[in-house]
Amino acid sequence: MAKALRIKFQPPLAITLLILGFFVFLPMLSAFEYSIRTPLTGGYGWTHYIWAVTEEDFLHYILRSMWLAGVTVLITLFVLVPTMTWLHLSNSKVRGLIDGLSLLPLVIPVVAFAVGAQISFPEFVQNTVLELPFLYFVLALPYAYRSLDIGLNSIPLKTITEAARSAGANWLRTITSVIIPVIRGSVMATIALTFALSLGEYTLTVLLHWDTFPTWVTYVAQDNILGAIAISMMSLIIPFLILTVITLFVPERTIQGRK
Amino acid sequence: MAKALRIKFQPPLAITLLILGFFVFLPMLSAFEYSIRTPLTGGYGWTHYIWAVTEEDFLHYILRSMWLAGVTVLITLFVLVPTMTWLHLSNSKVRGLIDGLSLLPLVIPVVAFAVGAQISFPEFVQNTVLELPFLYFVLALPYAYRSLDIGLNSIPLKTITEAARSAGANWLRTITSVIIPVIRGSVMATIALTFALSLGEYTLTVLLHWDTFPTWVTYVAQDNILGAIAISMMSLIIPFLILTVITLFVPERTIQGRK
Amino acid sequence: MSSKSLSLKNISKRFGNVNALDNFNLEVGVGELVALLGPSGCGKTTALRVVAGLEHQDAGTVLVADKNISDVPAHKRNMGMVFQAYSLFPNLTVEENVAFGLQMRKVSKHLRLKKAHELLDLVGLDSQSKRFTHQLSGGQQQRVALARALAFEPEILLLDEPLSALDAQVRVNLREEIRRLQISLGTTTLFVTHDQEEAMAISDRVGVMNNGVLEQIDTPDALYNKPASSFVASFVGTMNRIPAHISNGMVEIFGSKVVALKRGNESGKVHALIRPESISVVATTTQGNAKVLTRSFMGASSNIICQTADGTIVQSLMTSASTGDLLPGSSVQLRILSSEVLVANV
Amino acid sequence: MSSKSLSLKNISKRFGNVNALDNFNLEVGVGELVALLGPSGCGKTTALRVVAGLEHQDAGTVLVADKNISDVPAHKRNMGMVFQAYSLFPNLTVEENVAFGLQMRKVSKHLRLKKAHELLDLVGLDSQSKRFTHQLSGGQQQRVALARALAFEPEILLLDEPLSALDAQVRVNLREEIRRLQISLGTTTLFVTHDQEEAMAISDRVGVMNNGVLEQIDTPDALYNKPASSFVASFVGTMNRIPAHISNGMVEIFGSKVVALKRGNESGKVHALIRPESISVVATTTQGNAKVLTRSFMGASSNIICQTADGTIVQSLMTSASTGDLLPGSSVQLRILSSEVLVANV
């Protein structure tokens with residue numbers, strides 16, 4: 001049944017857009033406007049932005065945060081995709097348990113988590129910055145897990161897996177050539193969520209005495225709040241590009257297509 | 001087809017539990033163990049816990065954070081449930097857009113967001129602590145939205161709504177007596193996520209110069225790290241109770257029940 | 001009972017560029033079961049949804065017992081509706097589902113549960129009343145949906161392909177049950193389906209729809225034996241379309257000349273429309289006029305699919321006893337059993 | 001073609017406390033189409049999945065052309081499988097889906113697309129080869145699934161209720177098409193279904209299963225006319241079960257005495273098993289022995305459901321021409337048309 005294509009005025013939609021506008025876009029635009037003010041001349045200018053990009057730490061920290069985020073994404077995919085595929089296929093009783101456990105990082109205060117890590121992790125783990133991606137993976141777990149769960153629930157996973165196997169695909173090829181492409185949207189969302197969270201993580205990083213992009217921005221903000229806003233604005237471009245990617249690869253709805 | 005009930009040893013499951021164990025439980029337990037040490041006598045004791053509960057600020061701040069979190073939950077449900085029901089029923093083109101917009105708060109740096117809010121919000125909004133629940137709502141939006149989305153996608157919403165209406169239910173009753181009970185699991189998850197996030201929010205609160213439970217804990221931690229851990233541990237009980245509630249009302253899978 | 005007559009007058013409804021209903025008219029008498037039959041997209045579901053108030057027509061009026069209800073919202077129309085599937089409320093038990101409509105009408109708990117049990121008894125599910133709906137089979141779920149739709153004594157019962165998600169056997173049983181219940185309660189019923197066998201089996205009258213208009217509405221026998229158009233002839237029951245040539249009002253089929261029943265200005269090359277039961281297949285040792293492709297055993301009768309020398313596929317329905325020697329690949333002689341055939345333009 | 005024979009020897013498989021297969025044996029000859037038919041939970045799907053290697057039996061061996069393949073993993077078994085529904089890869093086009101098996105076998109792109117088009121042509125979908133699967137109807141999707149299963153020239157074709165999610169009309173057309181294709185390619189085929197009409201219509205032999213064992217395996221005609229047990233008699237085709245009394249090898253039904261065909265030690269009160277086509281219904285002006293409940297028009301024939309004075313529901317199948325005066329509620333005389341009936345214990 002075709003639906004009218006015209007977008008009519010709809011109260012619930014208007015409310016949502018209004019709330020988003022007031023609480024999201026308005027602050028964003030104000031912050032941007034504020035960051036390009038030049039109080040001396042009374043007009044606008046790119047002073048703070050030029051300062052930020054010429055600051056050599058900018059590139060150093062953003063690159064560092066990006067490769068840490070990249071490693072987190074890889075850990076997340078390598079651990080979660082096969083495990084969750086297995087959990088969904090097995091129909092095992094433990095799935096409910098794991099579903100619940102995956103929410104744990106959401107309710108654990110980061111302070112307790114950081115102190116605990118400092119006490120309990122062996123020296124060689126704490127000596128390398130690679131400790132961070134594993135901890136970021138845990139922090140992102142609730143979101144990454146949910147997002148993959150949506151994807152795996154929205155497809156007839158068992159039938160598709162069995163179809164691939166009976167057509168001659170082994171387990172590795174079934175996962176790489178069939179399952180991942182089929183839940184592409186979910187996988188992209190997982191990548192974006194994990195990457196964005198890792199890129200922006202502040203509290204845990206500071207408590208464990210590491211320096212990344214967000215800690216550097218906070219450090220800059222102490223002396224130069226306008227410079228910090230300019231840096232934040234520019235760093236926004238990166239997750240924004242990722243967001244665009246997600247929106248292009250919109251998650252599949254159920255394949256059956258209910259009426 | 002029945003499945004064997006025995007839980008066999010399964011490598012993917014073992015890996016997941018191992019990683020969760022090492023990165024979640026080990027830090028948690030260590031932090032707890034650390035907080036009950038009594039360095040003077042060399043044994044264990046509840047000193048810091050007793051200190052925390054006798055501290056009168058403890059109750060003050062935790063109650064304040066809880067009612068703010070409660071208001072955030074109410075705002076979230078009142079805004080999202082009808083809006084998202086409408087979006088799902090209408091099959092409107094804007095749904096994809098709103099899906100994307102709902103992810104925005106995830107990628108906006110909280111610094112920029114806080115500064116922008118300070119600049120752009122009218123005085124009367126900034127003068128009341130009720131500004132926080134609205135901002136928490138925005139921060140929780142990506143998770144609350146996803147969680148309700150799962151619920152609404154997992155049921156034949158259109159048919160159920162039409163069945164309710166043709167049986168004599170008006171829109172209000174359709175939402176309150178049919179839709180919310182049917183996606184109970186999703187609603188509970190949304191409540192838990194929003195509540196936990198609001199209860200733990202630190203950065204935005206500090207930047208807007210409000211005091212809540214997390215800012216107080218951080219303040220305490222400056223002088224008395226063991227006291228702060230003890231407080232965190234106790235505050236954990238609250239979200240943990242909520243988590244138990246979610247797990248009891250496990251989200252419904254698809255009603256059709258694929259084979 | 002509170003059953004009423006239903007009439008739709010000059011209903012039109014467009015979705016974007018598609019005319020779902022085009023000046024559509026329909027009358028359903030008190031206690032009558034009328035089916036709307038047609039391919040998907042023919043507008044039959046739209047017609048039903050307009051009656052239910054779930055879609056609003058662009059033009060035209062809906063009358064129940066001569067009262068115009070065009071502007072009454074869905075939840076005040078007092079019509080029981082059964083959906084394709086999965087319309088039960090999964091958070092309620094079977095009896096609570098059935099009592100839902102009465103609860104919305106503020107009937108007391110005692111009375112509505114009493115009524116629910118009465119209806120569950122009618123559909124043979126009283127023993128399941130405390131269960132949740134996901135514990136029931138598809139057929140049982142649709143029985144509960146039927147009980148729910150009837151519990152508040154609706155003026156009209158609307159059935160929107162209620163059987164299409166069910167297995168063949170359950171489908172046949174449930175349709176018989178729906179019909180028995182409908183006859184005994186006397187509820188005026190509008191039944192939408194794309195399955196001609198289903199429509200023919202349980203309806204008083206069947207309306208065949210195509211592109212938003214009613215092509216023909218008549219009793220099942222009349223539709224089958226006197227189709228008003230080539231579309232109806234092909235859509236209702238199985239129909240062979242065999243290329244033939246018409247001359248002097250006669251067509252030659254499988255070597256016999258038979259009278260052509262013309263609908264319009266059919267002439268020259270035409271298709272002869274012949275029911276499978278009007279064609280006999282006999283094995284020959286000599287060169288026949290066709291070859292058997294498959295033989296399907298259907299119990300009392302068997303379905304033989306043959307291919308003639310010119311490639312036409314011909315289907316025949318015969319008693320199983322007479323088809324024992326018709327193996328795939330064997331040479332056969334086709335014959336036409338009727339003395340008149342409908343023809344249609346190629 | 002590379003078609004092979006299949007045999008299952010003494011297969012057992014338990015799930016928890018349920019014996020899905022209990023010392024199960026089956027032989028399928030080269031090029032034969034055998035259907036496994038039974039109610040849900042009878043073990044038929046488990047048998048098919050054991051053959052596919054998707055389930056591993058607890059005991060017994062699976063032989064393909066006398067080679068033991070019990071321990072070969074699923075992806076190396078070279079069996080084409082068609083699932084109930086939704087098994088196509090939604091990220092691939094139609095031709096890529098069909099070519100998938102060949103891609104896994106490292107066939108060059110050119111050759112595998114050529115083969116894919118060959119098969120799409122056979123199932124009449126070559127024009128759709130560049131589309132994505134969600135753009136196809138349910139019937140088209142199952143045709144693509146069939147093409148995909150046949151593209152790598154499997155030794156055995158396994159069909160797991162491939163038609164059950166389809167509409168009635170499409171189901172009938174597609175089953176005929178599967179049979180025609182299977183005959184022309186000569187592929188050994190195991191077909192699992194719970195729909196007896198489907199099994200009977202296209203199989204060389206049908207195995208009726210119950211509780212993990214094969215109750216009877218035989219041609220459709222033999223199953224229908226000489227059922228080995230009361231279970232088979234009731235499961236295959238429609239069967240009236242009419243209470244009767246047996247004495248001296250005769251039972252009295254509707255006033256006539258007929259010979260009782262006994263299977264075991266039936267005696268005293270029994271059920272007479274009578275096919276609908278063996279019962280005639282005639283309208284009477286005087287007091288008949290039954291009343292008409294519903295009459296379903298089915299085209300050439302009509303189905304009459306009656307209720308006798310003692311409450312037994314009796315179904316009769318007659319030519320539509322002879323049922324014109326059998327309206328619901330009218331008084332009728334039932335008669336049995338056969339001189340022998342099967343009987344079963346009550």
# chains A, B, ... in the order shown; residues from 1 in each chain; ligands from 1
call {"tool": "interface_residues", "arguments": {"of": "chain D", "to": "chain B", "cutoff": "8 Å", "atoms": "only C-alpha atoms", "output": "count of residues only"}}
result
4
call {"tool": "residues_around", "arguments": {"residues": "C:Met79", "least_positions_apart": "5", "cutoff": "7 Å", "atoms": "only C-alpha atoms", "output": "list in words"}}
result
Ser166 of chain B; Ala52, Pro154, Glu155, Ile156 and Leu157 of chain C
call {"tool": "residues_around", "arguments": {"residues": "D:Val172", "least_positions_apart": "5", "cutoff": "10 Å", "atoms": "only C-alpha atoms", "output": "ChimeraX atom specification"}}
result
/D:163,166-167,177,197-198,201
call {"tool": "closest_atom_pairs", "arguments": {"of": "chain D", "to": "chain C", "cutoff": "7 Å", "atoms": "only C-alpha atoms", "output": "tab-separated table"}}
result
residue	atom	partner	partner_atom	distance
D:Ala168	CA	C:Asp195	CA	6.8
D:Arg180	CA	C:Thr294	CA	7.0
D:Asp195	CA	C:Ala168	CA	6.8
D:Glu197	CA	C:Met298	CA	6.3
D:Met200	CA	C:Phe297	CA	5.7
D:Ala201	CA	C:Ser296	CA	4.1
D:Ile202	CA	C:Ser296	CA	5.8
D:Pro220	CA	C:Phe297	CA	6.6
D:Tyr224	CA	C:Gly299	CA	6.5
D:Gly237	CA	C:Gly299	CA	6.2
D:Glu277	CA	C:Ala300	CA	6.6
D:Thr294	CA	C:Arg180	CA	6.9
D:Ser296	CA	C:Ala201	CA	4.1
D:Phe297	CA	C:Ala201	CA	4.8
D:Met298	CA	C:Ala201	CA	6.0
D:Gly299	CA	C:Gly237	CA	6.3
D:Ala300	CA	C:Glu277	CA	6.6
call {"tool": "residues_around", "arguments": {"residues": "stretch 239-249 of chain D", "least_positions_apart": "5", "cutoff": "8 Å", "atoms": "only C-alpha atoms", "output": "PyMOL selection string"}}
result
chain D and resi 233-234+259-261+267-276+312+314-315+346
call {"tool": "select_by_dssp", "arguments": {"residues": "stretch 65-220 of chain B", "states": "alpha helix (DSSP H)", "output": "number ranges by chain"}}
result
B: 65-90, 94-101, 104-107, 110-120, 123-126, 131-153, 157-166, 171-173, 180-182, 184-200, 203-207, 213-220
call {"tool": "closest_residue", "arguments": {"among": "A:Phe195, A:Tyr219, A:Phe113, A:Trp46", "to": "chain B", "atoms": "only C-alpha atoms"}}
result
A:Phe113
call {"tool": "atom_distance", "arguments": {"atom1": "atom CA of A:Arg173", "atom2": "atom CA of A:Thr161"}}
result
10.3 Å
call {"tool": "closest_residue", "arguments": {"among": "B:Arg37, B:Arg64, B:Arg184, B:Arg95", "to": "chain A", "atoms": "only C-alpha atoms"}}
result
B:Arg95
call {"tool": "residues_around", "arguments": {"residues": "A:Gly151", "least_positions_apart": "2", "cutoff": "12 Å", "atoms": "only C-alpha atoms", "output": "number ranges by chain"}}
result
A: 81, 84-85, 88, 144-149, 153-157, 179-190, 250-255; B: 150, 153-154
call {"tool": "closest_residue", "arguments": {"among": "A:Ala164, A:Leu172, A:Leu18, A:Met233", "to": "chain B", "atoms": "only C-alpha atoms"}}
result
A:Met233
call {"tool": "atom_distance", "arguments": {"atom1": "atom CA of D:Ser129", "atom2": "atom CA of D:His110"}}
result
14.7 Å
